[in-house]
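These notes are about the structure you will find just below.
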Amino acid sequence: MPGNPLPDAEQLLTALIEQMRPAVGPETGLIGIHTGGAWVAERVHQALKLPTPLATLDVSFYRDDYEARGLHRDLKNSDIPFEIEGRDLILVDDVLYTGRTIRAALNEIFDYGRPATVRLATLVDRDGRQLPIAAQFAGATVALEPGQNIALKRDAAGRLSFELREGKR
Amino acid sequence: MWLHPSNPQLDKKGRLHHLLTLEGLPADILWQILDTAKSFVGTRVKKVPLLRGKSVFNVFFEPSTRTRTTFEIAAKRLSADVINLNISASSQSKGESLLDTVDNLSAMHADMFIVRHNESGAPHFIARHVAADIHVINAGDGRHSHPTQGLLDMYTIRHYKKDFASLRVAIVGDVLHSRVARSQIHALTTLGCPEIRVIGPKTLLPADVEQLGVHVYHDMRQGLKDVDVVTMLRLQNERMNGALLPSAQEFYKFYGLTDDKLAVAKPGAIVLHPGPMNRGVEIDSSVADGKQSVILPQVTFGIAIRMAVMSIMAGNK
């Protein structure tokens, strides 16, 4: 989207919440992927007043680019405070791009148990998929130049915004 | 040469390539290992796929149960294939035969060697010899170094005491023969521990130990006064040649950790021991099994530390 302003993360969040509202129930398990996805999941979880506690996932131990990029410096713990077995899950991420993070997240989740269903919610669904993965809920779909990336930020007040980062990940 | 010119454990980018000693290892790498280990301690999933398809060779020229087993468990929890080799060093002439062993193992497509040897410097020697894509971890060499033990001790201290900046740590007993003590002293110094004490009879302390920046005590009650952490060392009879001690009983009387000696330390002081323990020689059973003992948590944390070291190294290409 050369020349276009960046999407407003707060607006996309509102749109995403409204999409998800009819699709969740008291037993739905929300899993935010560190770090941006965990921020989004936290907000969605609050807005939808879901009674099942929020889970977070750090997929560093499951990434397929570990050989090339090594282990992240800043590891977070995965924290899944509910039973995965037989549950309807929604994975939440900030930007869906190649799909490799979601592949890693699925592998990790299945090490905890066998969920009934797993759906995917993302604030931004961008082009460039390398795996057969699609989001069921998306704040917006955007097209970016190859080499352009958008990253989610959170300020001290908890407000979310996007920033553009040039160059390869 | 792909290794760092001034530190053969690091690659040219300054990242961990081999783990040979904690001496000279930068603080940010120590913290990275401790932080990474924490995320392995916290996980509910026992096995992760980081080292899938990698072969880790445990090459032990000196007997060990705990260290070899925890390395094996750590490698398996990272999904690596583990091959255990117990090689008796006695029949080997040094030098070429050691390298021949290593060449043969390299030809079996090893990705990582975990080496224990009774000669100081053997893992270093191997590390200089292996191909660029092979990593070497020192699992204890002679009196020199036992870096993963030092790291798991740091992890344990941090777990219970949170911060090194205001700690008083005492290392007690056979410092002379202890690679564990040396590793602890280097790590504690790098991590900012302000006061390290070594306590033992003159015959079991290295002559110039003060040069490591430690305070020396020969009286155990004086040395333990107000310390936060007490590390007991094993009396290494197998490394002693000559009369360094009158008897184990005499050693116990003066330097064995008993409840009444421990009472002069701070009330919440923790007691570490690298194992295997000689009960009734360097430590009394009531202390080893008591409330202040963190000896068994040390073993558990040791697995996470070894997972952290292996996964950081294998990712540094």
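Identifiers in this document derive from the order of the structure tokens: chains are assigned A, B, ..., residues are numbered from 1 separately in each chain, and ligands are numbered from 1 in order of occurrence.
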Interface, chain A side, toward chain B (6 Å; only C-alpha atoms) as a VMD selection string: chain A and resid 61 66 to 67 70 to 71 77
Write the residues you've just listed into a file as a PDB file, in the first residue's frame, and include N, CA and C atoms for each of them.
```
ATOM      1  N   PHE A  61      10.012 -22.153  20.552  1.00  0.00           N
ATOM      2  CA  PHE A  61      10.585 -23.501  20.531  1.00  0.00           C
ATOM      3  C   PHE A  61      10.060 -24.331  19.356  1.00  0.00           C
ATOM      4  N   TYR A  66      14.291 -21.541  13.296  1.00  0.00           N
ATOM      5  CA  TYR A  66      15.262 -21.618  14.396  1.00  0.00           C
ATOM      6  C   TYR A  66      16.676 -21.882  13.872  1.00  0.00           C
ATOM      7  N   GLU A  67      16.789 -22.793  12.903  1.00  0.00           N
ATOM      8  CA  GLU A  67      18.101 -23.126  12.347  1.00  0.00           C
ATOM      9  C   GLU A  67      18.770 -21.906  11.724  1.00  0.00           C
ATOM     10  N   GLY A  70      18.176 -18.749  14.922  1.00  0.00           N
ATOM     11  CA  GLY A  70      18.511 -18.985  16.323  1.00  0.00           C
ATOM     12  C   GLY A  70      17.323 -18.750  17.240  1.00  0.00           C
ATOM     13  N   LEU A  71      17.633 -18.826  18.514  1.00  0.00           N
ATOM     14  CA  LEU A  71      16.583 -18.698  19.515  1.00  0.00           C
ATOM     15  C   LEU A  71      16.390 -17.232  19.871  1.00  0.00           C
ATOM     16  N   ASN A  77       6.866 -17.223  28.535  1.00  0.00           N
ATOM     17  CA  ASN A  77       6.327 -18.552  28.792  1.00  0.00           C
ATOM     18  C   ASN A  77       4.973 -18.716  28.130  1.00  0.00           C
TER      19      ASN A  77
END
```
Mind checking which residues fall within 6 Å of segment 105-118 of chain A, counting only C-alpha atoms, ignoring those fewer than 2 positions away in the same chain, and posting them as a list in words?
->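 Within the cut-off, the hits are Val59, Ile84, Glu85, Gly86, Arg87, Asp88, Leu89, Ile90, Ile102 and Arg103 of chain A.
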Which residues are close to Gly192 of chain B, i.e. within 8 Å by only C-alpha atoms, leaving aside same-chain residues fewer than 4 positions away? Reply as a ChimeraX atom specification.
/B:164-165,188
Once DSSP has gone over the backbone, tell me which residues of segment 17-164 of chain A are in alpha helix (DSSP H), as a PyMOL selection string. chain A and resi 17-20+36-47+66-69+100-112
Residue nearest Lys49 of chain A among A:Ala68, A:Leu75, A:Val24, A:Leu152 (counting only C-alpha atoms):
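Among the listed residues, A:Val24 lies closest to Lys49 of chain A.
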Contacts of His34 of chain A at 6 Å or less, counting only C-alpha atoms, minus same-chain residues fewer than 3 places along, as a VMD selection string?
chain A and resid 37 to 38 57 to 58
Check your understanding: So, counting only C-alpha atoms, which residue among A:Asp93, A:Arg73, A:Leu120, A:Gln130 is closest to Trp39 of chain A?
Key ->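 Going through A:Asp93, A:Arg73, A:Leu120, A:Gln130 one by one, the smallest distance to Trp39 of chain A is for A:Asp93.
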The distance between atom CA of Glu145 of chain A and atom CA of Ile31 of chain A is 29.2 Å
Practice prompt. Could you tell me how far atom CA of Gly275 of chain B lies from atom CA of Leu233 of chain B, in Å and to one decimal?
Written response: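 Going from atom CA of Gly275 of chain B over to atom CA of Leu233 of chain B covers 8.0 Å.
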